[in-house]
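One file, final_18.txt, is given below (compact mmCIF, C-alpha atoms).
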# COMPACT_ATOMS: atom_id res chain seq x y z
CA MET D 1 0.00 0.00 0.00
CA MET D 2 1.51 3.32 -1.17
CA LEU D 3 -0.55 5.71 1.04
CA GLU D 4 -0.49 5.73 4.82
CA PRO D 5 -4.00 6.76 6.06
CA ARG D 6 -2.72 7.84 9.47
CA ILE D 7 -0.35 10.39 7.94
CA TYR D 8 -3.13 11.70 5.70
CA ARG D 9 -5.55 12.07 8.61
CA ALA D 10 -2.92 13.80 10.74
CA ALA D 11 -2.21 16.24 7.92
CA LEU D 12 -5.90 17.23 7.90
CA ILE D 13 -5.69 18.67 11.43
CA PRO D 14 -4.34 22.06 10.21
CA ALA D 15 -7.32 22.24 7.82
CA LEU D 16 -9.71 21.87 10.75
CA LEU D 17 -7.89 24.63 12.62
CA ALA D 18 -8.00 26.84 9.51
CA LEU D 19 -11.75 26.22 9.23
CA LEU D 20 -12.17 27.36 12.83
CA VAL D 21 -10.15 30.50 12.11
CA LEU D 22 -12.32 31.19 9.05
CA MET D 23 -15.50 30.89 11.11
CA PHE D 24 -14.21 33.44 13.62
CA SER D 25 -13.08 35.80 10.83
CA LEU D 26 -16.63 36.38 9.53
CA GLU D 27 -17.84 39.96 9.76
CA ARG D 28 -20.95 41.84 8.76
CA PRO D 29 -20.71 44.08 5.67
CA PRO D 30 -20.72 47.82 6.37
CA PRO D 31 -24.11 49.52 6.06
CA PRO D 32 -24.81 51.79 3.07
CA LEU D 33 -24.48 55.52 3.54
CA ALA D 34 -27.68 57.54 4.12
CA GLN D 35 -29.66 58.35 0.98
CA GLU D 36 -30.89 61.77 -0.13
CA PRO D 37 -34.65 62.48 -0.47
CA ALA D 38 -36.14 61.68 -3.88
CA ALA D 39 -36.96 65.36 -4.50
CA ASP D 40 -33.23 66.18 -4.52
CA VAL D 41 -32.50 63.73 -7.35
CA ARG D 42 -33.31 65.57 -10.57
CA PHE D 43 -31.93 63.65 -13.53
CA ASP D 44 -33.65 64.68 -16.77
CA SER D 45 -33.29 61.54 -18.86
CA ARG D 46 -35.25 62.86 -21.86
CA SER D 47 -33.07 65.92 -22.37
CA ALA D 48 -29.98 63.75 -21.82
CA ILE D 49 -31.15 61.28 -24.49
CA VAL D 50 -31.71 64.24 -26.84
CA GLU D 51 -28.14 65.36 -26.07
CA ALA D 52 -26.83 61.83 -26.70
CA ARG D 53 -28.56 61.64 -30.09
CA ALA D 54 -27.31 65.11 -31.00
CA LEU D 55 -23.76 64.11 -30.08
CA ALA D 56 -24.01 60.92 -32.14
CA SER D 57 -25.46 62.89 -35.04
CA ARG D 58 -22.75 65.58 -34.98
CA GLN D 59 -19.88 63.13 -34.50
CA PRO D 60 -21.05 59.62 -35.50
CA ASP D 61 -17.47 58.33 -35.70
CA ARG D 62 -15.95 58.75 -32.24
CA ARG D 63 -13.40 55.98 -32.38
CA ALA D 64 -10.38 56.59 -30.16
CA GLY D 65 -8.05 59.16 -31.70
CA SER D 66 -10.39 60.11 -34.54
CA SER D 67 -11.32 63.68 -35.43
CA GLY D 68 -14.83 62.99 -34.15
CA ASP D 69 -13.42 61.83 -30.82
CA ARG D 70 -11.37 65.01 -30.43
CA ALA D 71 -14.27 67.22 -31.52
CA SER D 72 -16.59 65.63 -28.96
CA ALA D 73 -13.89 66.10 -26.28
CA GLU D 74 -13.78 69.82 -27.04
CA ALA D 75 -17.58 70.07 -26.99
CA VAL D 76 -17.69 68.31 -23.60
CA ALA D 77 -14.98 70.62 -22.23
CA ARG D 78 -16.86 73.75 -23.32
CA THR D 79 -20.14 72.52 -21.81
CA LEU D 80 -18.50 71.69 -18.49
CA GLU D 81 -16.78 75.07 -18.38
CA ALA D 82 -20.14 76.77 -19.01
CA ARG D 83 -21.58 74.85 -16.05
CA GLY D 84 -19.07 76.25 -13.58
CA PHE D 85 -16.35 73.57 -13.58
CA GLU D 86 -12.63 74.19 -13.89
CA VAL D 87 -11.61 72.14 -16.92
CA THR D 88 -8.23 70.69 -17.85
CA ARG D 89 -7.37 68.73 -20.98
CA ASP D 90 -4.82 65.94 -20.65
CA ALA D 91 -3.50 65.02 -24.11
CA PHE D 92 -1.53 61.79 -24.61
CA SER D 93 -0.81 59.18 -27.29
CA VAL D 94 -1.38 55.42 -27.40
CA ASP D 95 -0.37 53.25 -30.36
CA GLY D 96 0.14 56.37 -32.46
CA ARG D 97 -3.34 57.75 -31.73
CA ARG D 98 -3.79 61.19 -30.17
CA LEU D 99 -6.12 60.94 -27.19
CA VAL D 100 -7.36 63.43 -24.61
CA ASN D 101 -8.93 63.11 -21.17
CA VAL D 102 -11.20 65.97 -20.16
CA LEU D 103 -11.19 66.55 -16.37
CA ALA D 104 -13.60 69.04 -14.78
CA ARG D 105 -13.30 70.02 -11.10
CA ARG D 106 -15.51 71.96 -8.76
CA ALA D 107 -13.99 72.54 -5.36
CA GLY D 108 -15.90 71.61 -2.22
CA SER D 109 -15.22 72.46 1.39
CA SER D 110 -12.88 69.45 1.55
CA ARG D 111 -10.00 68.28 -0.64
CA ARG D 112 -11.47 64.78 -0.62
CA GLN D 113 -12.78 63.96 -4.09
CA ILE D 114 -15.70 62.09 -5.66
CA VAL D 115 -15.07 61.26 -9.32
CA VAL D 116 -17.77 60.51 -11.90
CA MET D 117 -16.14 59.03 -14.97
CA ALA D 118 -17.53 58.23 -18.42
CA PRO D 119 -15.66 56.77 -21.41
CA ARG D 120 -16.13 59.07 -24.42
CA ASP D 121 -14.70 57.08 -27.34
CA ALA D 122 -16.86 54.58 -29.21
CA ARG D 123 -16.02 51.25 -30.80
CA SER D 124 -18.89 51.41 -33.30
CA THR D 125 -21.02 54.10 -34.90
CA PRO D 126 -23.09 55.90 -33.77
CA ASP D 127 -23.21 54.09 -30.36
CA VAL D 128 -26.08 56.17 -28.97
CA ALA D 129 -26.85 53.80 -26.06
CA GLY D 130 -23.17 53.47 -25.20
CA SER D 131 -20.56 56.23 -25.11
CA ALA D 132 -22.95 58.94 -26.37
CA ALA D 133 -25.46 58.21 -23.59
CA ASP D 134 -22.70 58.02 -20.99
CA THR D 135 -21.24 61.36 -22.11
CA ALA D 136 -24.72 62.92 -22.06
CA ALA D 137 -25.28 61.49 -18.56
CA LEU D 138 -22.00 63.04 -17.40
CA LEU D 139 -23.13 66.43 -18.72
CA GLU D 140 -26.52 65.98 -17.05
CA VAL D 141 -24.77 65.27 -13.73
CA ALA D 142 -22.85 68.53 -14.26
CA ARG D 143 -26.14 70.38 -14.87
CA VAL D 144 -27.71 68.98 -11.69
CA LEU D 145 -24.65 69.81 -9.59
CA GLU D 146 -24.26 73.29 -11.11
CA GLY D 147 -24.47 75.85 -8.33
CA ARG D 148 -25.02 73.24 -5.62
CA ALA D 149 -22.59 73.40 -2.71
CA SER D 150 -20.77 70.18 -1.85
CA GLN D 151 -18.60 69.01 0.99
CA ARG D 152 -16.23 67.09 -1.23
CA THR D 153 -14.57 68.23 -4.43
CA ILE D 154 -16.49 66.91 -7.45
CA VAL D 155 -14.48 65.70 -10.47
CA LEU D 156 -16.18 64.83 -13.75
CA ALA D 157 -13.90 62.87 -16.09
CA SER D 158 -14.61 62.28 -19.77
CA ILE D 159 -11.91 59.77 -20.60
CA ASP D 160 -10.55 58.54 -23.91
CA GLY D 161 -9.10 55.25 -25.08
CA SER D 162 -11.53 52.86 -23.39
CA THR D 163 -11.37 50.75 -26.56
CA LEU D 164 -7.56 50.75 -26.39
CA GLY D 165 -7.14 48.72 -23.23
CA GLU D 166 -8.77 51.33 -20.97
CA ALA D 167 -5.95 53.74 -21.80
CA GLY D 168 -7.77 56.78 -20.40
CA ALA D 169 -8.40 55.18 -17.02
CA ARG D 170 -4.78 54.05 -16.83
CA ARG D 171 -3.69 57.59 -17.67
CA PHE D 172 -5.92 58.97 -14.92
CA VAL D 173 -4.35 56.65 -12.34
CA ALA D 174 -0.83 57.50 -13.52
CA ARG D 175 -1.27 61.28 -13.80
CA GLU D 176 -3.79 62.29 -11.13
CA ALA D 177 -1.79 64.38 -8.67
CA GLU D 178 -4.19 63.89 -5.75
CA LEU D 179 -5.11 60.26 -6.26
CA ASP D 180 -4.82 59.66 -2.51
CA GLN D 181 -7.64 62.20 -2.00
CA VAL D 182 -10.12 60.26 -4.15
CA ASP D 183 -12.81 58.67 -1.99
CA ALA D 184 -14.66 56.96 -4.83
CA VAL D 185 -14.91 56.73 -8.60
CA LEU D 186 -18.29 56.02 -10.21
CA VAL D 187 -17.88 54.81 -13.79
CA LEU D 188 -20.86 55.28 -16.11
CA SER D 189 -21.12 52.50 -18.67
CA HIS D 190 -23.85 51.92 -21.29
CA LEU D 191 -26.43 53.66 -19.11
CA GLY D 192 -28.82 53.81 -22.04
CA ALA D 193 -28.73 50.07 -22.75
CA ALA D 194 -31.66 47.74 -22.18
CA PRO D 195 -31.63 45.86 -18.84
CA ALA D 196 -29.44 42.76 -18.60
CA ALA D 197 -29.81 39.69 -16.41
CA SER D 198 -26.55 40.38 -14.57
CA SER D 199 -26.02 43.04 -11.91
CA PRO D 200 -25.58 46.66 -13.09
CA LEU D 201 -22.86 47.04 -10.45
CA VAL D 202 -19.41 45.82 -11.50
CA ALA D 203 -16.61 45.98 -8.92
CA TRP D 204 -14.11 43.38 -10.12
CA SER D 205 -10.45 43.99 -10.84
CA SER D 206 -7.89 42.10 -12.88
CA ASP D 207 -6.05 41.19 -9.70
CA ALA D 208 -7.25 39.67 -6.44
CA SER D 209 -8.44 43.00 -5.03
CA ARG D 210 -12.10 44.00 -4.92
CA GLY D 211 -13.94 47.29 -4.65
CA SER D 212 -14.96 49.06 -1.47
CA LEU D 213 -17.75 47.26 0.39
CA ALA D 214 -19.21 50.54 1.63
CA LEU D 215 -19.23 51.98 -1.89
CA GLU D 216 -20.85 48.87 -3.32
CA GLN D 217 -23.48 48.77 -0.56
CA THR D 218 -24.28 52.46 -1.07
CA ALA D 219 -24.57 52.11 -4.85
CA ALA D 220 -26.76 49.02 -4.41
CA ALA D 221 -29.07 50.92 -2.02
CA SER D 222 -29.35 53.77 -4.54
CA LEU D 223 -30.21 51.34 -7.32
CA ALA D 224 -32.82 49.60 -5.18
CA LEU D 225 -34.57 52.91 -4.50
CA GLU D 226 -34.64 53.84 -8.18
CA THR D 227 -35.37 50.47 -9.80
CA GLY D 228 -37.61 49.03 -7.09
CA SER D 229 -35.44 45.97 -6.46
CA PRO D 230 -31.88 45.36 -5.23
CA PRO D 231 -29.32 44.33 -7.84
CA PRO D 232 -28.68 40.56 -8.07
CA GLU D 233 -25.73 39.24 -6.09
CA GLU D 234 -23.19 36.70 -7.25
CA GLY D 235 -23.08 33.42 -5.40
CA ALA D 236 -20.18 32.42 -3.18
CA PHE D 237 -18.84 29.90 -5.71
CA ALA D 238 -18.83 32.49 -8.52
CA GLN D 239 -16.96 34.91 -6.27
CA LEU D 240 -14.38 32.24 -5.41
CA VAL D 241 -13.85 31.54 -9.11
CA ARG D 242 -13.32 35.25 -9.77
CA LEU D 243 -10.76 35.50 -6.97
CA ALA D 244 -8.95 32.43 -8.28
CA ALA D 245 -8.95 33.72 -11.88
CA PRO D 246 -9.38 37.52 -11.66
CA LEU D 247 -10.78 39.20 -14.78
CA GLY D 248 -11.91 42.81 -14.45
CA ILE D 249 -13.70 43.76 -17.66
CA GLY D 250 -14.38 47.48 -17.90
CA THR D 251 -13.01 50.84 -16.82
CA GLN D 252 -13.18 50.02 -13.11
CA GLY D 253 -10.53 47.30 -13.61
CA PRO D 254 -7.40 49.49 -13.92
CA LEU D 255 -8.77 51.88 -11.30
CA LEU D 256 -9.13 49.10 -8.72
CA ALA D 257 -5.73 47.74 -9.71
CA GLY D 258 -4.36 51.22 -8.94
CA ASP D 259 -5.82 51.05 -5.39
CA VAL D 260 -8.65 53.46 -6.21
CA ALA D 261 -12.08 52.71 -4.77
CA ALA D 262 -14.18 52.36 -7.91
CA ILE D 263 -17.40 50.80 -9.13
CA ARG D 264 -19.02 50.68 -12.56
CA LEU D 265 -22.74 51.36 -13.09
CA SER D 266 -23.61 49.57 -16.30
CA GLY D 267 -26.97 49.34 -18.01
CA SER D 268 -25.87 46.16 -19.77
CA GLY D 269 -24.20 44.46 -16.82
CA GLU D 270 -20.59 43.39 -17.06
CA LEU D 271 -20.56 42.85 -20.83
CA GLN D 272 -21.49 45.03 -23.79
CA PRO D 273 -25.17 45.54 -24.69
CA VAL D 274 -26.78 43.38 -27.34
CA SER D 275 -28.94 46.26 -28.61
CA SER D 276 -27.84 49.76 -29.64
CA ARG D 277 -31.26 51.26 -29.04
CA PRO D 278 -31.46 53.44 -25.90
CA ASP D 279 -33.92 52.60 -23.12
CA VAL D 280 -35.13 55.92 -21.67
CA GLU D 281 -36.64 54.48 -18.46
CA ARG D 282 -33.53 52.46 -17.70
CA PHE D 283 -31.37 55.47 -18.48
CA GLU D 284 -33.31 57.64 -16.03
CA ALA D 285 -33.19 55.03 -13.25
CA LEU D 286 -29.42 54.60 -13.54
CA GLY D 287 -28.86 58.35 -13.88
CA ARG D 288 -30.86 59.03 -10.73
CA ALA D 289 -29.02 56.19 -8.94
CA THR D 290 -25.73 57.85 -9.91
CA LEU D 291 -26.84 61.17 -8.42
CA ARG D 292 -28.10 59.42 -5.29
CA THR D 293 -24.76 57.69 -4.84
CA VAL D 294 -22.82 60.93 -5.34
CA ALA D 295 -25.03 62.73 -2.81
CA ALA D 296 -24.70 59.91 -0.26
CA LEU D 297 -20.92 59.84 -0.63
CA ASP D 298 -20.72 63.61 -0.36
CA SER D 299 -22.81 63.88 2.82
CA GLY D 300 -21.48 60.71 4.44
CA GLU D 301 -18.40 60.16 6.54
CA GLY D 302 -16.71 57.90 4.04
CA GLY D 303 -17.19 54.23 4.78
CA ASP D 304 -15.40 51.04 5.66
CA HIS D 305 -13.62 49.64 2.60
CA GLY D 306 -13.58 46.20 4.14
CA PRO D 307 -10.90 43.63 3.31
CA GLN D 308 -8.83 44.16 0.16
CA ALA D 309 -10.30 40.93 -1.18
CA TYR D 310 -13.26 39.02 0.18
CA VAL D 311 -16.24 36.76 -0.49
CA VAL D 312 -19.75 37.59 0.68
CA MET D 313 -21.81 34.56 1.68
CA GLY D 314 -24.88 34.25 3.84
CA GLY D 315 -24.83 37.97 4.58
CA GLN D 316 -21.32 37.71 6.04
CA VAL D 317 -17.94 38.83 4.68
CA VAL D 318 -15.12 36.30 4.54
CA PRO D 319 -11.69 37.96 4.09
CA GLU D 320 -9.33 36.55 1.49
CA TRP D 321 -6.61 35.71 4.01
CA ALA D 322 -8.97 33.30 5.81
CA LEU D 323 -9.86 31.58 2.53
CA ALA D 324 -6.19 31.41 1.51
CA THR D 325 -5.25 29.91 4.88
CA LEU D 326 -7.92 27.22 4.51
CA ALA D 327 -6.86 26.47 0.93
CA LEU D 328 -3.20 26.06 1.91
CA ALA D 329 -4.18 23.84 4.83
CA LEU D 330 -6.28 21.64 2.54
CA ILE D 331 -3.36 21.34 0.12
CA LEU D 332 -1.11 20.21 2.97
CA ALA D 333 -2.81 16.81 3.40
CA PRO D 334 -2.35 15.52 -0.18
CA LEU D 335 1.12 17.09 -0.29
CA VAL D 336 2.26 15.22 2.83
CA ALA D 337 0.65 12.00 1.59
CA GLY D 338 2.28 12.44 -1.81
CA ILE D 339 5.74 12.97 -0.31
CA ASP D 340 5.26 9.90 1.86
CA ALA D 341 4.13 7.83 -1.16
CA LEU D 342 7.13 9.06 -3.17
CA ALA D 343 9.53 8.02 -0.41
CA ARG D 344 7.90 4.59 -0.19
CA ALA D 345 8.11 4.15 -3.98
CA ARG D 346 11.83 5.00 -4.00
CA ARG D 347 12.54 2.55 -1.18
CA ARG D 348 10.86 -0.19 -3.22
CA GLY D 349 12.90 0.62 -6.33
CA GLN D 350 10.01 2.04 -8.40
CA PRO D 351 11.01 4.24 -11.41
CA VAL D 352 10.01 7.60 -9.88
CA SER D 353 12.12 9.86 -12.13
CA ALA D 354 10.38 8.52 -15.24
CA TRP D 355 7.04 9.86 -14.05
CA PHE D 356 8.53 13.28 -13.41
CA ALA D 357 9.77 13.20 -17.00
CA TRP D 358 6.26 12.19 -18.13
CA VAL D 359 4.73 15.28 -16.49
CA LEU D 360 7.42 17.66 -17.78
CA ALA D 361 7.16 16.28 -21.32
CA GLY D 362 3.45 16.95 -21.34
CA ALA D 363 3.96 20.52 -20.09
CA LEU D 364 6.62 21.14 -22.72
CA ALA D 365 4.11 20.55 -25.53
CA PHE D 366 1.94 23.38 -24.23
CA MET D 367 4.98 25.63 -23.88
CA VAL D 368 5.78 25.02 -27.54
CA ALA D 369 2.21 26.00 -28.50
CA LEU D 370 2.51 29.21 -26.45
CA LEU D 371 5.84 30.05 -28.07
CA VAL D 372 4.35 29.61 -31.56
CA ALA D 373 1.44 31.91 -30.66
CA GLN D 374 3.85 34.58 -29.35
CA LEU D 375 5.97 34.36 -32.52
CA LEU D 376 2.87 34.80 -34.69
CA VAL D 377 1.93 37.92 -32.72
CA LEU D 378 5.48 39.34 -33.03
CA ALA D 379 5.36 38.68 -36.77
CA GLY D 380 2.13 40.68 -37.02
CA ILE D 381 0.09 37.69 -38.18
CA GLY D 382 -2.10 37.41 -35.09
CA PRO D 383 -3.64 39.97 -32.70
CA ASP D 384 -1.86 40.80 -29.47
CA ALA D 385 -3.58 40.55 -26.10
CA PRO D 386 -5.20 43.84 -24.96
CA ARG D 387 -3.77 45.81 -22.06
CA SER D 388 -7.01 45.26 -20.14
CA PRO D 389 -9.55 42.43 -20.45
CA TRP D 390 -12.13 42.98 -23.16
CA SER D 391 -15.71 41.94 -23.46
CA PRO D 392 -15.92 38.91 -25.80
CA ALA D 393 -17.96 41.03 -28.24
CA ARG D 394 -14.93 43.28 -28.74
CA ALA D 395 -12.68 40.42 -29.81
CA PRO D 396 -14.48 38.36 -32.47
CA LEU D 397 -12.93 35.15 -33.73
CA ASP D 398 -11.80 36.56 -37.08
CA ALA D 399 -9.49 35.04 -39.69
CA ALA D 400 -6.27 36.18 -37.95
CA ALA D 401 -7.32 34.84 -34.55
CA THR D 402 -8.47 31.58 -36.14
CA LEU D 403 -5.12 31.18 -37.88
CA VAL D 404 -3.24 31.65 -34.59
CA LEU D 405 -5.45 29.06 -32.87
CA VAL D 406 -5.03 26.53 -35.68
CA LEU D 407 -1.24 26.91 -35.90
CA SER D 408 -0.85 26.81 -32.11
CA ALA D 409 -2.99 23.68 -31.92
CA ALA D 410 -0.94 22.10 -34.70
CA ALA D 411 2.29 22.91 -32.82
CA LEU D 412 0.81 21.37 -29.68
CA ALA D 413 -0.17 18.20 -31.54
CA VAL D 414 3.26 17.83 -33.16
CA ALA D 415 5.10 18.46 -29.89
CA TRP D 416 2.85 15.99 -28.07
CA ALA D 417 3.06 13.27 -30.72
CA ALA D 418 6.72 13.58 -31.67
CA GLY D 419 8.64 15.46 -29.00
CA ARG D 420 7.02 13.89 -25.95
CA PRO D 421 7.97 10.24 -26.71
CA TRP D 422 11.52 11.33 -27.57
CA LEU D 423 11.89 13.19 -24.26
CA LEU D 424 10.47 10.24 -22.34
CA SER D 425 12.85 7.78 -23.96
CA ALA D 426 15.80 10.11 -23.32
CA ALA D 427 14.79 10.51 -19.66
CA MET D 428 14.46 6.78 -19.14
CA GLY D 429 17.86 6.19 -20.57
How would this structure read if it were set down as structure tokens?
Amino acid sequence: MMLEPRIYRAALIPALLALLVLMFSLERPPPPLAQEPAADVRFDSRSAIVEARALASRQPDRRAGSSGDRASAEAVARTLEARGFEVTRDAFSVDGRRLVNVLARRAGSSRRQIVVMAPRDARSTPDVAGSAADTAALLEVARVLEGRASQRTIVLASIDGSTLGEAGARRFVAREAELDQVDAVLVLSHLGAAPAASSPLVAWSSDASRGSLALEQTAAASLALETGSPPPEEGAFAQLVRLAAPLGIGTQGPLLAGDVAAIRLSGSGELQPVSSRPDVERFEALGRATLRTVAALDSGEGGDHGPQAYVVMGGQVVPEWALATLALALILAPLVAGIDALARARRRGQPVSAWFAWVLAGALAFMVALLVAQLLVLAGIGPDAPRSPWSPARAPLDAAATLVLVLSAAALAVAWAAGRPWLLSAAMG
């Protein structure tokens, strides 16, 4: 018998202790910040939709770096200046394209900042329900806040390059001089899109970190008041999968990765909308929820961020360190048993090294496939990976991508069929 059950059972004791620690690490999520009365939330969705259609009509092609993109940036800057904001234009270049972020500030009684951010560039034309509606919503937020005193400094950001790996958001994180003063960033995304089955709140990053619990709870409370129902929550298993394989699609991704408390309010959920036709009622509900969230953040005393990474289950928050401790403890039992089995096999003269060669030979075939894919990208035959994760709709399986997949699969098959047996025979002498 290769495995010793007593060793395996003894190695499970740390897992039991880790489970106990996890149970004592549970905490309640922070409560949402107090909401403003409904009369104070005045988002005019119909005039904003008119503005979105006018923007799309004047500049139907607003792809990143295009003349339409730059013209719409200038129009946004002029409107924000007319509404009492101090406007700066941050010009930069990505992949040879001239981009510009438009940042509008209105000072409050505190240096602490609340940022409302909307991507301005469009992937398609005219994109009324997408970037045009989001830009119009940003201008409507400026109209509502015009002349209204605030405790915190309000920053409205019309960013560029969202279709170029969220270049504008990355630029904001890199260039914002008072990033440590930012309490929260609300990203407006496809506000005019028809409702989706997934939650309109997106707070996932491309690393293991998550958004602020207090911010998420406050935004969820605002949405519940405006839509009549709380946004759907992801199950514990889905959250664990996201922590294990982080993938932050959207503008909030690079912001969270830059340690900025951010959340995205999206009419289409995490992914892009399936319809380009704007939904006025949905647009108004999300616009009002945005204003509610801004007002709550401005009048509140901040909020508890919570753990840097966590899972919410059963109304309780489980911090990442407790989950990681349990996972490592669970790995310990098979690791100890495996080491014991390996020692027993060596004492009995079993060919252990051959099996190590078997595993490495199999891994080598996949490394060859990866190398071929990288060479095809360097040669300009296949598309390179984006700087930030994209929605699947943005990366269709075209001829170039298909060619890379086929050639990589062929390299894998050849390496597996020809190289693997040769390596095995060489390893076994």
Report task. Take CA of Ala324 in chain D and CA of Ser205 in chain D and report the distance between them in Å, one decimal. Result -> 18.1 Å
Each residue of range 60-123 of chain D lying at most 10 Å from range 247-269 of chain D should get a row with its shortest atom-to-atom pair and the distance in Å to one decimal, counting only C-alpha atoms; could you produce that, ordered by chain and increasing number, as CSV?
residue,atom,partner,partner_atom,distance
D:Val115,CA,D:Ala262,CA,9.1
D:Val116,CA,D:Ala262,CA,9.8
D:Met117,CA,D:Thr251,CA,9.0
D:Ala118,CA,D:Thr251,CA,8.8
D:Pro119,CA,D:Thr251,CA,8.0
Query raised in the report: Taking only C-alpha atoms into account, which of D:Arg277, D:Arg83, D:Arg171, D:Arg28 comes nearest Met313 in chain D?
Result: D:Arg28
Query - Residue contacts of range 48-50 of chain D (7 Å, only C-alpha atoms) excluding same-chain residues fewer than 4 positions away, as an MDAnalysis selection string - result: chainID D and resid 44 54 133 136:137 140
Query raised in the report: Counting all atoms listed in the file, what is within 7 Å of Gln151 in chain D, bar same-chain residues fewer than 6 positions away, as a list of chain:residue names?
Result: D:Gly108, D:Ser109, D:Ser110, D:Asp298, D:Ser299
Query raised in the report: Any idea what the distance is between CA of Arg292 in chain D and CA of Ser222 in chain D?
Result: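 Interatomic distance here is 5.8 Å.
You will find CA of Leu213 in chain D at 6.7 Å from CA of Pro30 in chain D.
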**Report entry** Residue contacts of Ala295 in chain D (9 Å, all atoms listed in the file) excluding same-chain residues fewer than 2 positions away, as a ChimeraX atom specification
**Finding:** /D:35-36,41,150,290-293,297-300
Next, the residues of the selection above should be written as a compact mmCIF listing (two decimals), keeping the file's coordinate frame with C-alpha atoms.
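Result saved to out.txt:
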# COMPACT_ATOMS: atom_id res chain seq x y z
CA GLN D 35 -29.66 58.35 0.98
CA GLU D 36 -30.89 61.77 -0.13
CA VAL D 41 -32.50 63.73 -7.35
CA SER D 150 -20.77 70.18 -1.85
CA THR D 290 -25.73 57.85 -9.91
CA LEU D 291 -26.84 61.17 -8.42
CA ARG D 292 -28.10 59.42 -5.29
CA THR D 293 -24.76 57.69 -4.84
CA LEU D 297 -20.92 59.84 -0.63
CA ASP D 298 -20.72 63.61 -0.36
CA SER D 299 -22.81 63.88 2.82
CA GLY D 300 -21.48 60.71 4.44
**Report entry** Best match for closeness to Phe85 in chain D among D:Leu33, D:Leu360, D:Ala219, D:Val155, counting only C-alpha atoms
**Finding:**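 Going through D:Leu33, D:Leu360, D:Ala219, D:Val155 one by one, the smallest distance to Phe85 in chain D is for D:Val155.
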**Report entry** For Glu216 in chain D, the nearest of the candidates D:Ser199, D:Asn101, D:Ser67, D:Ser131, counting only C-alpha atoms
**Finding:** D:Ser199
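Closest approach to Leu215 in chain D from the set D:Leu191, D:Ile381, D:Ala401, D:Leu186 is made by D:Leu186, with distances taken over only C-alpha atoms.
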Query raised in the report: Do you know which residues are at most 12 Å from Val94 in chain D counting only C-alpha atoms, after dropping those on the same chain fewer than 4 positions away, and could you put them as number ranges by chain?
Result: D: 64-65, 98-100, 160-168, 170-171, 387
Requested in this report: Can you work out which one of D:Ala236, D:Ala149, D:Ala409, D:Ala289 has the shortest atom-to-atom distance to Gln316 in chain D, counting only C-alpha atoms?
Outcome: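 Distance minimum relative to Gln316 in chain D lands on D:Ala236.
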Report task. Do a neighbour search on Ala196 in chain D at 12 Å with only C-alpha atoms, toss out local chain neighbours closer than 2 positions, and write the hits as a list of chain:residue names. Result -> D:His190, D:Leu191, D:Gly192, D:Ala193, D:Ala194, D:Ser198, D:Ser199, D:Pro200, D:Leu201, D:Pro231, D:Pro232, D:Ser266, D:Gly267, D:Ser268, D:Gly269, D:Glu270, D:Leu271, D:Gln272, D:Pro273, D:Val274, D:Ser275, D:Asp279, D:Arg282
**Report entry** Among listed residues D:Leu370, D:Pro396, D:Thr402, D:Ser212, nearest Pro307 in chain D (using only C-alpha atoms)
**Finding:**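 Of all the options, D:Ser212 lies closest to Pro307 in chain D.
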Please supply range 384-393 of chain D, rebuilt with N, CA and C atoms, as a PDB file, in the coordinates of the input.
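What ended up in selection.pdb:
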ATOM      1  N   ASP D 384      -2.465  40.859 -30.796  1.00  0.00           N
ATOM      2  CA  ASP D 384      -1.860  40.800 -29.470  1.00  0.00           C
ATOM      3  C   ASP D 384      -2.950  40.898 -28.409  1.00  0.00           C
ATOM      4  N   ALA D 385      -2.617  40.461 -27.200  1.00  0.00           N
ATOM      5  CA  ALA D 385      -3.580  40.550 -26.100  1.00  0.00           C
ATOM      6  C   ALA D 385      -3.758  42.015 -25.714  1.00  0.00           C
ATOM      7  N   PRO D 386      -4.982  42.446 -25.364  1.00  0.00           N
ATOM      8  CA  PRO D 386      -5.200  43.840 -24.960  1.00  0.00           C
ATOM      9  C   PRO D 386      -4.562  44.132 -23.614  1.00  0.00           C
ATOM     10  N   ARG D 387      -4.370  45.419 -23.334  1.00  0.00           N
ATOM     11  CA  ARG D 387      -3.770  45.810 -22.060  1.00  0.00           C
ATOM     12  C   ARG D 387      -4.710  45.528 -20.895  1.00  0.00           C
ATOM     13  N   SER D 388      -5.999  45.584 -21.144  1.00  0.00           N
ATOM     14  CA  SER D 388      -7.010  45.260 -20.140  1.00  0.00           C
ATOM     15  C   SER D 388      -7.972  44.246 -20.738  1.00  0.00           C
ATOM     16  N   PRO D 389      -8.611  43.415 -19.917  1.00  0.00           N
ATOM     17  CA  PRO D 389      -9.550  42.430 -20.450  1.00  0.00           C
ATOM     18  C   PRO D 389     -10.686  43.093 -21.212  1.00  0.00           C
ATOM     19  N   TRP D 390     -11.040  42.488 -22.328  1.00  0.00           N
ATOM     20  CA  TRP D 390     -12.130  42.980 -23.160  1.00  0.00           C
ATOM     21  C   TRP D 390     -13.347  42.117 -23.012  1.00  0.00           C
ATOM     22  N   SER D 391     -14.495  42.722 -23.303  1.00  0.00           N
ATOM     23  CA  SER D 391     -15.710  41.940 -23.460  1.00  0.00           C
ATOM     24  C   SER D 391     -15.540  41.037 -24.679  1.00  0.00           C
ATOM     25  N   PRO D 392     -16.065  39.806 -24.647  1.00  0.00           N
ATOM     26  CA  PRO D 392     -15.920  38.910 -25.800  1.00  0.00           C
ATOM     27  C   PRO D 392     -16.422  39.513 -27.103  1.00  0.00           C
ATOM     28  N   ALA D 393     -17.428  40.414 -27.024  1.00  0.00           N
ATOM     29  CA  ALA D 393     -17.960  41.030 -28.240  1.00  0.00           C
ATOM     30  C   ALA D 393     -16.932  41.921 -28.920  1.00  0.00           C
TER      31      ALA D 393
END
